[in-house]
file structure_2.cif (mmCIF, C-alpha atoms and all ligand atoms)
data_model
#
loop_
_atom_site.label_atom_id
_atom_site.label_comp_id
_atom_site.auth_asym_id
_atom_site.auth_seq_id
_atom_site.Cartn_x
_atom_site.Cartn_y
_atom_site.Cartn_z
CA MET A 1 0.15 -2.57 -24.82
CA SER A 2 1.15 0.46 -22.76
CA VAL A 3 4.27 0.59 -20.60
CA PRO A 4 3.51 -1.00 -17.19
CA ALA A 5 3.33 1.36 -14.21
CA ILE A 6 5.43 -1.12 -12.19
CA GLU A 7 7.56 -3.99 -13.42
CA PHE A 8 9.72 -6.39 -11.38
CA ARG A 9 12.19 -8.47 -13.40
CA ASP A 10 13.61 -11.41 -11.49
CA VAL A 11 13.96 -9.40 -8.26
CA SER A 12 15.46 -10.94 -5.12
CA LYS A 13 16.28 -9.64 -1.66
CA LYS A 14 18.23 -11.38 1.07
CA PHE A 15 18.95 -9.51 4.32
CA ASN A 16 22.48 -9.51 5.76
CA GLY A 17 23.19 -12.67 7.67
CA SER A 18 19.98 -14.33 6.57
CA GLY A 19 20.06 -17.81 5.03
CA TYR A 20 16.98 -17.33 2.84
CA TYR A 21 15.49 -14.89 0.38
CA ALA A 22 12.87 -12.53 1.85
CA VAL A 23 11.84 -11.97 -1.77
CA ASP A 24 12.86 -14.79 -4.07
CA HIS A 25 13.27 -14.20 -7.84
CA VAL A 26 10.00 -12.38 -8.35
CA SER A 27 8.74 -11.09 -11.71
CA PHE A 28 5.44 -9.32 -12.41
CA SER A 29 4.03 -6.24 -14.01
CA VAL A 30 1.21 -3.90 -13.08
CA GLU A 31 -0.73 -1.80 -15.58
CA GLU A 32 -1.48 1.84 -14.78
CA GLY A 33 -4.74 2.31 -12.86
CA GLU A 34 -4.79 -1.15 -11.27
CA PHE A 35 -5.43 -1.69 -7.58
CA ILE A 36 -3.16 -4.55 -6.52
CA THR A 37 -3.59 -6.15 -3.13
CA ILE A 38 -0.80 -8.32 -1.70
CA LEU A 39 -1.79 -11.11 0.63
CA GLY A 40 0.19 -13.82 2.39
CA SER A 41 1.23 -15.24 5.72
CA SER A 42 3.37 -13.29 8.16
CA GLY A 43 7.00 -12.96 7.07
CA CYS A 44 6.38 -13.99 3.44
CA GLY A 45 8.01 -10.85 2.04
CA LYS A 46 5.10 -8.47 1.38
CA THR A 47 6.59 -5.41 3.08
CA THR A 48 10.04 -6.11 1.64
CA LEU A 49 8.55 -6.24 -1.86
CA LEU A 50 6.70 -2.95 -1.32
CA LYS A 51 9.74 -1.18 0.11
CA MET A 52 11.79 -2.06 -2.95
CA VAL A 53 9.39 -0.04 -5.14
CA ASN A 54 10.39 3.25 -3.47
CA ARG A 55 13.91 2.01 -2.70
CA LEU A 56 13.60 1.96 1.07
CA TYR A 57 15.20 -1.42 0.39
CA GLU A 58 17.51 -2.10 -2.53
CA PRO A 59 17.12 -5.42 -4.36
CA GLU A 60 20.10 -7.74 -4.25
CA ALA A 61 19.41 -8.92 -7.80
CA GLY A 62 17.00 -8.06 -10.59
CA LYS A 63 15.54 -4.82 -11.87
CA ILE A 64 12.53 -2.68 -11.02
CA PHE A 65 10.98 -0.35 -13.57
CA LEU A 66 8.41 2.39 -13.01
CA PHE A 67 6.76 3.51 -16.25
CA GLY A 68 9.67 1.92 -18.12
CA GLU A 69 12.42 3.67 -16.09
CA ASP A 70 14.96 1.53 -14.23
CA THR A 71 14.61 2.83 -10.65
CA SER A 72 18.23 1.98 -9.75
CA GLY A 73 19.38 4.87 -11.94
CA LEU A 74 16.99 7.46 -10.47
CA ASP A 75 17.62 9.98 -7.69
CA VAL A 76 16.16 8.29 -4.63
CA VAL A 77 14.74 11.45 -3.02
CA LYS A 78 12.98 12.51 -6.22
CA LEU A 79 11.74 8.96 -6.72
CA ARG A 80 10.15 8.88 -3.24
CA ARG A 81 8.46 12.23 -3.73
CA ARG A 82 6.78 10.79 -6.81
CA ILE A 83 5.38 7.81 -4.87
CA GLY A 84 2.74 8.01 -2.15
CA TYR A 85 3.52 5.87 0.90
CA VAL A 86 1.06 5.05 3.67
CA ILE A 87 1.92 2.82 6.63
CA GLN A 88 0.02 1.46 9.60
CA GLN A 89 1.84 3.72 12.08
CA THR A 90 0.88 6.71 9.85
CA GLY A 91 4.30 8.36 10.32
CA LEU A 92 2.64 11.71 11.11
CA PHE A 93 4.94 14.26 12.75
CA PRO A 94 3.61 14.66 16.32
CA HIS A 95 4.85 18.23 16.80
CA MET A 96 3.23 19.50 13.61
CA THR A 97 -0.44 20.38 13.08
CA ILE A 98 -2.56 18.39 10.66
CA GLU A 99 -2.26 21.22 8.13
CA GLU A 100 1.55 21.19 8.40
CA ASN A 101 1.66 17.40 8.17
CA VAL A 102 -0.36 17.30 4.95
CA ALA A 103 1.70 20.18 3.52
CA THR A 104 5.05 18.42 4.11
CA VAL A 105 5.88 17.50 0.52
CA PRO A 106 4.38 20.62 -1.16
CA LYS A 107 6.58 22.63 1.23
CA LEU A 108 9.67 20.62 0.25
CA LEU A 109 8.78 21.28 -3.36
CA LYS A 110 8.49 25.00 -2.53
CA TRP A 111 4.91 25.37 -3.65
CA ASP A 112 3.32 28.81 -3.31
CA LYS A 113 1.78 29.23 0.20
CA GLU A 114 -1.75 29.96 -1.02
CA LYS A 115 -1.69 27.01 -3.43
CA THR A 116 -0.49 24.72 -0.60
CA LYS A 117 -3.21 25.97 1.77
CA GLU A 118 -5.87 25.36 -0.83
CA ARG A 119 -4.53 21.90 -1.66
CA VAL A 120 -4.44 20.88 2.03
CA ARG A 121 -8.09 21.88 2.42
CA GLU A 122 -9.08 20.04 -0.73
CA LEU A 123 -7.24 16.89 0.44
CA LEU A 124 -8.78 16.93 3.90
CA LYS A 125 -12.23 17.22 2.35
CA MET A 126 -11.35 14.36 -0.01
CA VAL A 127 -10.75 12.07 3.00
CA GLU A 128 -13.84 13.45 4.71
CA LEU A 129 -12.22 15.53 7.44
CA ASP A 130 -13.53 19.07 7.89
CA PRO A 131 -10.54 21.43 7.39
CA GLU A 132 -12.02 24.02 9.75
CA GLU A 133 -12.10 21.48 12.53
CA PHE A 134 -8.89 19.56 11.89
CA CYS A 135 -6.24 21.86 10.32
CA GLY A 136 -5.05 23.29 13.66
CA ARG A 137 -5.09 20.06 15.67
CA TYR A 138 -2.12 17.82 16.42
CA PRO A 139 -2.04 14.09 15.55
CA SER A 140 -2.48 13.06 19.21
CA GLN A 141 -5.81 14.91 19.21
CA LEU A 142 -7.20 12.61 16.49
CA SER A 143 -8.60 9.07 16.63
CA GLY A 144 -6.66 6.24 14.96
CA GLY A 145 -9.02 6.23 11.97
CA GLN A 146 -8.76 10.01 11.56
CA GLN A 147 -4.96 9.78 11.71
CA GLN A 148 -5.07 7.15 8.94
CA ARG A 149 -7.14 9.56 6.83
CA VAL A 150 -4.56 12.30 7.37
CA GLY A 151 -1.80 9.85 6.38
CA LEU A 152 -3.72 9.12 3.18
CA ALA A 153 -4.27 12.84 2.47
CA ARG A 154 -0.57 13.55 3.00
CA ALA A 155 0.43 10.76 0.61
CA LEU A 156 -1.93 12.12 -2.05
CA ALA A 157 -0.71 15.73 -1.74
CA VAL A 158 1.42 15.94 -4.87
CA GLU A 159 -0.74 13.57 -6.91
CA PRO A 160 1.61 10.61 -7.09
CA LYS A 161 0.88 8.20 -9.92
CA ILE A 162 1.77 5.28 -7.66
CA MET A 163 0.57 4.72 -4.09
CA LEU A 164 2.10 2.13 -1.75
CA LEU A 165 -0.06 1.20 1.23
CA ASP A 166 1.34 -1.14 3.88
CA GLU A 167 -1.41 -2.46 6.17
CA PRO A 168 -2.85 1.07 6.30
CA PHE A 169 -5.92 0.01 8.27
CA GLY A 170 -4.30 -2.58 10.52
CA ALA A 171 -4.77 -0.56 13.69
CA VAL A 172 -8.41 0.50 13.38
CA ASP A 173 -11.64 -1.19 14.43
CA ALA A 174 -13.71 -3.21 11.93
CA ILE A 175 -16.33 -0.52 11.26
CA THR A 176 -13.79 2.27 10.74
CA ARG A 177 -11.83 -0.12 8.54
CA ILE A 178 -14.80 -0.69 6.24
CA GLY A 179 -15.33 3.08 6.00
CA LEU A 180 -11.68 3.60 5.08
CA GLN A 181 -11.80 0.79 2.52
CA GLU A 182 -14.78 2.47 0.81
CA GLU A 183 -12.85 5.74 0.89
CA LEU A 184 -9.87 4.14 -0.76
CA LEU A 185 -11.99 2.55 -3.51
CA ARG A 186 -13.60 5.92 -4.18
CA LEU A 187 -10.22 7.70 -4.27
CA HIS A 188 -8.76 5.07 -6.55
CA GLY A 189 -11.74 5.18 -8.92
CA GLY A 190 -11.64 8.95 -9.10
CA LEU A 191 -7.89 9.34 -9.40
CA LYS A 192 -6.89 6.61 -11.86
CA LYS A 193 -3.78 5.88 -9.85
CA THR A 194 -1.91 2.62 -9.43
CA PHE A 195 -2.30 1.28 -5.90
CA LEU A 196 -0.26 -1.48 -4.22
CA LEU A 197 -1.76 -2.45 -0.86
CA VAL A 198 -0.37 -5.01 1.59
CA THR A 199 -2.87 -6.69 3.88
CA HIS A 200 -3.32 -9.70 6.13
CA ASP A 201 -7.05 -9.60 5.63
CA ILE A 202 -8.27 -11.89 2.86
CA HIS A 203 -11.65 -10.15 2.65
CA GLU A 204 -9.93 -6.77 2.28
CA ALA A 205 -7.64 -8.17 -0.42
CA PHE A 206 -10.47 -9.64 -2.49
CA LYS A 207 -12.79 -6.67 -1.99
CA LEU A 208 -10.31 -3.96 -2.97
CA GLY A 209 -8.02 -5.62 -5.51
CA THR A 210 -8.55 -5.47 -9.26
CA LYS A 211 -5.86 -8.15 -9.00
CA VAL A 212 -4.64 -10.03 -5.94
CA MET A 213 -1.05 -11.17 -5.44
CA ILE A 214 -0.75 -14.20 -3.17
CA MET A 215 2.73 -14.61 -1.66
CA ASN A 216 4.35 -17.42 0.30
CA GLU A 217 7.97 -17.75 1.40
CA GLY A 218 9.24 -14.91 -0.76
CA LYS A 219 7.56 -16.12 -3.96
CA ILE A 220 4.37 -15.22 -5.79
CA CYS A 221 1.97 -18.18 -5.75
CA GLN A 222 -0.67 -16.51 -7.89
CA PHE A 223 -1.32 -13.07 -9.35
CA ASP A 224 -4.72 -12.75 -10.93
CA THR A 225 -8.19 -11.27 -10.63
CA PRO A 226 -10.11 -12.17 -7.46
CA GLN A 227 -12.60 -14.18 -9.55
CA ASN A 228 -9.90 -16.28 -11.24
CA ILE A 229 -8.13 -16.98 -7.96
CA ILE A 230 -11.34 -18.06 -6.24
CA ARG A 231 -12.33 -20.26 -9.20
CA ASN A 232 -8.88 -21.70 -9.90
CA PRO A 233 -6.42 -21.48 -7.00
CA ALA A 234 -2.98 -22.16 -8.47
CA ASP A 235 -1.54 -24.18 -5.60
CA GLY A 236 -2.21 -25.75 -2.22
CA PHE A 237 -1.32 -22.62 -0.26
CA THR A 238 -3.77 -20.44 -2.20
CA ALA A 239 -6.48 -23.11 -1.99
CA ALA A 240 -5.97 -23.28 1.80
CA LEU A 241 -6.32 -19.48 2.07
CA ILE A 242 -9.62 -19.50 0.16
CA ARG A 243 -10.86 -22.43 2.25
CA SER A 244 -10.01 -20.60 5.47
CA ALA A 245 -12.02 -17.54 4.33
CA ARG A 246 -14.99 -19.81 3.48
CA GLU A 247 -14.72 -21.48 6.90
CA GLN A 248 -14.89 -18.04 8.57
CA GLU A 249 -18.07 -17.24 6.60
CA LYS A 250 -19.66 -20.46 7.83
CA LEU A 251 -19.31 -19.26 11.39
CA TRP A 252 -22.06 -16.69 10.75
CA GLU A 253 -24.44 -18.98 8.90
CA GLY A 254 -25.68 -20.71 12.04
CA TYR A 255 -26.81 -17.40 13.51
CA VAL A 256 -28.99 -15.97 10.70
N1 LIG A 301 15.40 -5.20 8.06
C1 LIG A 301 15.43 -6.52 8.09
N2 LIG A 301 16.55 -7.20 8.46
C2 LIG A 301 16.58 -8.54 8.45
N3 LIG A 301 15.56 -9.34 8.10
C3 LIG A 301 14.43 -8.72 7.73
C4 LIG A 301 14.29 -7.30 7.69
N4 LIG A 301 13.04 -6.99 7.28
C5 LIG A 301 12.41 -8.16 7.07
N5 LIG A 301 13.24 -9.21 7.33
C6 LIG A 301 12.90 -10.63 7.17
O1 LIG A 301 12.47 -10.84 5.84
C7 LIG A 301 11.33 -11.69 5.79
C8 LIG A 301 10.17 -10.97 5.11
O2 LIG A 301 9.75 -9.90 5.95
P1 LIG A 301 8.58 -8.92 5.53
O3 LIG A 301 8.50 -7.85 6.57
O4 LIG A 301 8.76 -8.50 4.13
O5 LIG A 301 7.31 -9.89 5.64
P2 LIG A 301 5.78 -9.56 5.61
O6 LIG A 301 5.16 -10.53 4.66
O7 LIG A 301 5.54 -8.12 5.31
O8 LIG A 301 5.37 -9.91 7.11
P3 LIG A 301 4.22 -9.35 8.07
O9 LIG A 301 2.94 -9.71 7.38
O10 LIG A 301 4.43 -10.12 9.33
O11 LIG A 301 4.42 -7.88 8.21
C9 LIG A 301 11.03 -12.09 7.23
O12 LIG A 301 11.59 -13.36 7.46
C10 LIG A 301 11.72 -11.02 8.05
O13 LIG A 301 12.17 -11.53 9.29
#
call {"tool": "encode", "arguments": {"input": "structure_2.cif", "output": "structure tokens", "more": "lines below"}}
Ligand SMILES: Nc1ncnc2c1ncn2[C@@H]1O[C@H](COP(=O)(O)OP(=O)(O)OP(=O)(O)O)[C@@H](O)[C@H]1O
result
Amino acid sequence: MSVPAIEFRDVSKKFNGSGYYAVDHVSFSVEEGEFITILGSSGCGKTTLLKMVNRLYEPEAGKIFLFGEDTSGLDVVKLRRRIGYVIQQTGLFPHMTIEENVATVPKLLKWDKEKTKERVRELLKMVELDPEEFCGRYPSQLSGGQQQRVGLARALAVEPKIMLLDEPFGAVDAITRIGLQEELLRLHGGLKKTFLLVTHDIHEAFKLGTKVMIMNEGKICQFDTPQNIIRNPADGFTAALIRSAREQEKLWEGYV
């Protein structure tokens, strides 16, 4: 078997002054090209787990490997440039145009100006924004969904092998969200990258994930394909999640 893209070995994180583990002795591995969705109740440790991959948080115990390399020994700035990171608040720089925002990392890497310009245009087209229309605008002149697309384009700029996405579509309406989900599936399929996406939305998790990670109280309850989880929930928490999604579906049945 090939080296996993991401591997956690007995990783724990406890914040200063806290009496419990935000992430509690977690081990798993992710093969290259998988689209992992992470689902769980509020405060169960999803964001903390994600932020340990690019070392925004350091684990208290355990080891994290990316393509077989122990991340604790790597230069943190170089590590982060190799990993795409998309968050709900987009993190776009308000005083920079869309073109400048997407070009942030290529500029840091001192790419040639023409190459950067071309790449920015290609990326904006990839996320279905017309470069002619959007390059010169500022983030505040874009809708929430368009800003999310720019955030995605920026994260993809230097072709990271790993993409971390933390509730990227949390702040957009349901229709825009479905459009962005389709976009993400298309990008993932075409790019063969490894995606790790945190969500609160069970439908999003099961629709997008090649595997779904269910978390509760800092631990992984189940990590498997959507089909296997639906057919064989590993514990009461996972079974309750599936039941709640089915209950929501029932709401519509009376109206069709
Ligand atoms: N910087 C921090 N300092 C102290 N405690 C923190 C910090 N960040 C998170 N925590 C705590 O760690 C636990 C896990 O938080 P985390 O943000 O990882 O959860 P989450 O599953 O992403 O939650 P949500 O779905 O609500 O965003 C929570 O109890 C939270 O209060």
call {"tool": "closest_residue", "arguments": {"input": "structure_2.cif", "among": "A:Glu249, A:Asp24, A:Glu114, A:Glu204", "to": "ligand LIG 301 (chain A)", "atoms": "all atoms listed in the file"}}
result
A:Asp24
call {"tool": "residues_near_ligand", "arguments": {"input": "structure_2.cif", "ligand": "ligand LIG 301 (chain A)", "cutoff": "8 Å", "atoms": "all atoms listed in the file", "output": "list in words"}}
result
Lys14, Phe15, Asn16, Gly17, Ser18, Tyr21, Ala22, Val23, Gly40, Ser41, Ser42, Gly43, Cys44, Gly45, Lys46, Thr47, Thr48, Leu49, Val198, Thr199, His200, Met215 and Gly218 of chain A
call {"tool": "residues_around", "arguments": {"input": "structure_2.cif", "residues": "Leu123 (chain A)", "least_positions_apart": "4", "cutoff": "12 Å", "atoms": "all atoms listed in the file", "output": "PDB file with C-alpha atoms, in the frame of the given file"}}
result
ATOM      1  CA  ILE A  98      -2.560  18.390  10.660  1.00  0.00           C
ATOM      2  CA  GLU A  99      -2.260  21.220   8.130  1.00  0.00           C
ATOM      3  CA  ASN A 101       1.660  17.400   8.170  1.00  0.00           C
ATOM      4  CA  VAL A 102      -0.360  17.300   4.950  1.00  0.00           C
ATOM      5  CA  ALA A 103       1.700  20.180   3.520  1.00  0.00           C
ATOM      6  CA  THR A 116      -0.490  24.720  -0.600  1.00  0.00           C
ATOM      7  CA  LYS A 117      -3.210  25.970   1.770  1.00  0.00           C
ATOM      8  CA  GLU A 118      -5.870  25.360  -0.830  1.00  0.00           C
ATOM      9  CA  ARG A 119      -4.530  21.900  -1.660  1.00  0.00           C
ATOM     10  CA  VAL A 127     -10.750  12.070   3.000  1.00  0.00           C
ATOM     11  CA  GLU A 128     -13.840  13.450   4.710  1.00  0.00           C
ATOM     12  CA  LEU A 129     -12.220  15.530   7.440  1.00  0.00           C
ATOM     13  CA  ASP A 130     -13.530  19.070   7.890  1.00  0.00           C
ATOM     14  CA  PRO A 131     -10.540  21.430   7.390  1.00  0.00           C
ATOM     15  CA  PHE A 134      -8.890  19.560  11.890  1.00  0.00           C
ATOM     16  CA  CYS A 135      -6.240  21.860  10.320  1.00  0.00           C
ATOM     17  CA  ARG A 149      -7.140   9.560   6.830  1.00  0.00           C
ATOM     18  CA  VAL A 150      -4.560  12.300   7.370  1.00  0.00           C
ATOM     19  CA  GLY A 151      -1.800   9.850   6.380  1.00  0.00           C
ATOM     20  CA  LEU A 152      -3.720   9.120   3.180  1.00  0.00           C
ATOM     21  CA  ALA A 153      -4.270  12.840   2.470  1.00  0.00           C
ATOM     22  CA  ARG A 154      -0.570  13.550   3.000  1.00  0.00           C
ATOM     23  CA  ALA A 155       0.430  10.760   0.610  1.00  0.00           C
ATOM     24  CA  LEU A 156      -1.930  12.120  -2.050  1.00  0.00           C
ATOM     25  CA  ALA A 157      -0.710  15.730  -1.740  1.00  0.00           C
ATOM     26  CA  VAL A 158       1.420  15.940  -4.870  1.00  0.00           C
ATOM     27  CA  GLU A 159      -0.740  13.570  -6.910  1.00  0.00           C
ATOM     28  CA  LEU A 187     -10.220   7.700  -4.270  1.00  0.00           C
TER      29      LEU A 187
END
call {"tool": "closest_residue", "arguments": {"input": "structure_2.cif", "among": "A:Glu167, A:Asp75, A:Asp70, A:Ile36", "to": "Phe206 (chain A)", "atoms": "only C-alpha atoms"}}
result
A:Ile36
call {"tool": "closest_residue", "arguments": {"input": "structure_2.cif", "among": "A:Met213, A:Leu92, A:Val172, A:Val77", "to": "Pro139 (chain A)", "atoms": "all atoms listed in the file"}}
result
A:Leu92
call {"tool": "closest_residue", "arguments": {"input": "structure_2.cif", "among": "A:Ile83, A:Asn228, A:Thr37, A:Leu66", "to": "Ile214 (chain A)", "atoms": "all atoms listed in the file"}}
result
A:Thr37
call {"tool": "closest_residue", "arguments": {"input": "structure_2.cif", "among": "A:Glu217, A:Ala240, A:Phe8, A:Lys211", "to": "Tyr20 (chain A)", "atoms": "only C-alpha atoms"}}
result
A:Glu217
call {"tool": "closest_residue", "arguments": {"input": "structure_2.cif", "among": "A:Gly68, A:Pro168, A:Gly144, A:Pro59", "to": "Ser29 (chain A)", "atoms": "only C-alpha atoms"}}
result
A:Gly68
call {"tool": "residues_near_point", "arguments": {"input": "structure_2.cif", "point": "(1.6, -2.2, 1.7)", "cutoff": "6 Å", "atoms": "all atoms listed in the file", "output": "list in words"}}
result
Leu50, Leu164, Leu165, Asp166, Glu167, Leu197 and Val198 of chain A
call {"tool": "atom_distance", "arguments": {"input": "structure_2.cif", "atom1": "CA of Lys63 (chain A)", "atom2": "CA of Glu7 (chain A)"}}
result
8.2 Å
call {"tool": "residues_around", "arguments": {"input": "structure_2.cif", "residues": "Thr238 (chain A)", "least_positions_apart": "2", "cutoff": "12 Å", "atoms": "all atoms listed in the file", "output": "ChimeraX atom specification"}}
result
/A:39-41,202,212-216,220-224,226,228-236,240-245
call {"tool": "write_last_selection", "arguments": {"input": "structure_2.cif", "atoms": "C-alpha atoms", "output": "CSV table (one decimal), in the coordinates of the input"}}
result
chain,number,residue,atom,x,y,z
A,39,LEU,CA,-1.8,-11.1,0.6
A,40,GLY,CA,0.2,-13.8,2.4
A,41,SER,CA,1.2,-15.2,5.7
A,202,ILE,CA,-8.3,-11.9,2.9
A,212,VAL,CA,-4.6,-10.0,-5.9
A,213,MET,CA,-1.0,-11.2,-5.4
A,214,ILE,CA,-0.8,-14.2,-3.2
A,215,MET,CA,2.7,-14.6,-1.7
A,216,ASN,CA,4.4,-17.4,0.3
A,220,ILE,CA,4.4,-15.2,-5.8
A,221,CYS,CA,2.0,-18.2,-5.8
A,222,GLN,CA,-0.7,-16.5,-7.9
A,223,PHE,CA,-1.3,-13.1,-9.4
A,224,ASP,CA,-4.7,-12.8,-10.9
A,226,PRO,CA,-10.1,-12.2,-7.5
A,228,ASN,CA,-9.9,-16.3,-11.2
A,229,ILE,CA,-8.1,-17.0,-8.0
A,230,ILE,CA,-11.3,-18.1,-6.2
A,231,ARG,CA,-12.3,-20.3,-9.2
A,232,ASN,CA,-8.9,-21.7,-9.9
A,233,PRO,CA,-6.4,-21.5,-7.0
A,234,ALA,CA,-3.0,-22.2,-8.5
A,235,ASP,CA,-1.5,-24.2,-5.6
A,236,GLY,CA,-2.2,-25.8,-2.2
A,240,ALA,CA,-6.0,-23.3,1.8
A,241,LEU,CA,-6.3,-19.5,2.1
A,242,ILE,CA,-9.6,-19.5,0.2
A,243,ARG,CA,-10.9,-22.4,2.2
A,244,SER,CA,-10.0,-20.6,5.5
A,245,ALA,CA,-12.0,-17.5,4.3
call {"tool": "atom_distance", "arguments": {"input": "structure_2.cif", "atom1": "CA of Gln181 (chain A)", "atom2": "CA of Val76 (chain A)"}}
result
29.8 Å
call {"tool": "residues_around", "arguments": {"input": "structure_2.cif", "residues": "Leu180 (chain A)", "least_positions_apart": "4", "cutoff": "8 Å", "atoms": "all atoms listed in the file", "output": "list in words"}}
result
Gly145, Arg149, Phe169, Thr176 and Leu184 of chain A
call {"tool": "decode", "arguments": {"input": "structure_2.cif", "residues": "region 11-79 of chain A", "atoms": "C-alpha atoms", "output": "compact mmCIF listing (two decimals), in the first residue's frame"}}
result
# COMPACT_ATOMS: atom_id res chain seq x y z
CA VAL A 11 -2.69 12.39 18.73
CA SER A 12 -4.09 14.39 21.66
CA LYS A 13 -4.65 18.07 22.33
CA LYS A 14 -5.63 19.71 25.59
CA PHE A 15 -5.85 23.52 25.76
CA ASN A 16 -4.20 25.39 28.64
CA GLY A 17 -6.33 25.33 31.74
CA SER A 18 -8.82 22.89 30.26
CA GLY A 19 -9.76 19.74 32.18
CA TYR A 20 -10.47 17.62 29.09
CA TYR A 21 -8.95 16.67 25.77
CA ALA A 22 -10.29 18.65 22.78
CA VAL A 23 -8.82 15.81 20.70
CA ASP A 24 -8.39 12.60 22.64
CA HIS A 25 -5.85 9.95 21.51
CA VAL A 26 -6.88 9.90 17.87
CA SER A 27 -5.33 7.63 15.22
CA PHE A 28 -6.31 7.39 11.55
CA SER A 29 -4.84 7.51 8.10
CA VAL A 30 -6.05 9.00 4.83
CA GLU A 31 -4.99 7.74 1.41
CA GLU A 32 -4.04 10.25 -1.28
CA GLY A 33 -7.02 11.42 -3.37
CA GLU A 34 -9.65 10.78 -0.70
CA PHE A 35 -12.29 13.35 0.22
CA ILE A 36 -12.77 13.09 3.97
CA THR A 37 -15.64 14.87 5.65
CA ILE A 38 -15.59 15.37 9.43
CA LEU A 39 -18.91 15.53 11.20
CA GLY A 40 -19.88 15.85 14.86
CA SER A 41 -21.62 17.97 17.43
CA SER A 42 -20.43 21.45 18.33
CA GLY A 43 -17.21 21.47 20.36
CA CYS A 44 -16.29 17.83 19.61
CA GLY A 45 -12.83 18.76 18.32
CA LYS A 46 -13.25 18.96 14.52
CA THR A 47 -11.53 22.32 14.03
CA THR A 48 -8.80 21.45 16.53
CA LEU A 49 -8.06 18.25 14.61
CA LEU A 50 -7.91 20.14 11.29
CA LYS A 51 -5.67 22.87 12.67
CA MET A 52 -3.14 20.32 13.85
CA VAL A 53 -2.59 19.18 10.24
CA ASN A 54 -1.08 22.55 9.24
CA ARG A 55 0.28 23.18 12.74
CA LEU A 56 -1.91 26.15 13.59
CA TYR A 57 -2.20 24.05 16.75
CA GLU A 58 0.54 21.77 18.02
CA PRO A 59 -0.50 18.38 19.42
CA GLU A 60 0.28 17.77 23.06
CA ALA A 61 1.04 14.12 22.38
CA GLY A 62 1.28 11.85 19.36
CA LYS A 63 2.62 12.31 15.85
CA ILE A 64 1.23 13.58 12.57
CA PHE A 65 2.70 12.50 9.25
CA LEU A 66 2.08 13.95 5.80
CA PHE A 67 3.21 11.61 3.01
CA GLY A 68 5.34 9.80 5.60
CA GLU A 69 7.06 12.95 6.94
CA ASP A 70 6.73 13.78 10.63
CA THR A 71 5.30 17.33 10.53
CA SER A 72 6.87 18.31 13.87
CA GLY A 73 10.28 18.36 12.19
CA LEU A 74 9.22 20.51 9.21
CA ASP A 75 9.51 24.27 8.76
CA VAL A 76 6.06 25.53 9.68
CA VAL A 77 5.88 28.30 7.05
CA LYS A 78 6.89 25.94 4.24
CA LEU A 79 4.47 23.33 5.56
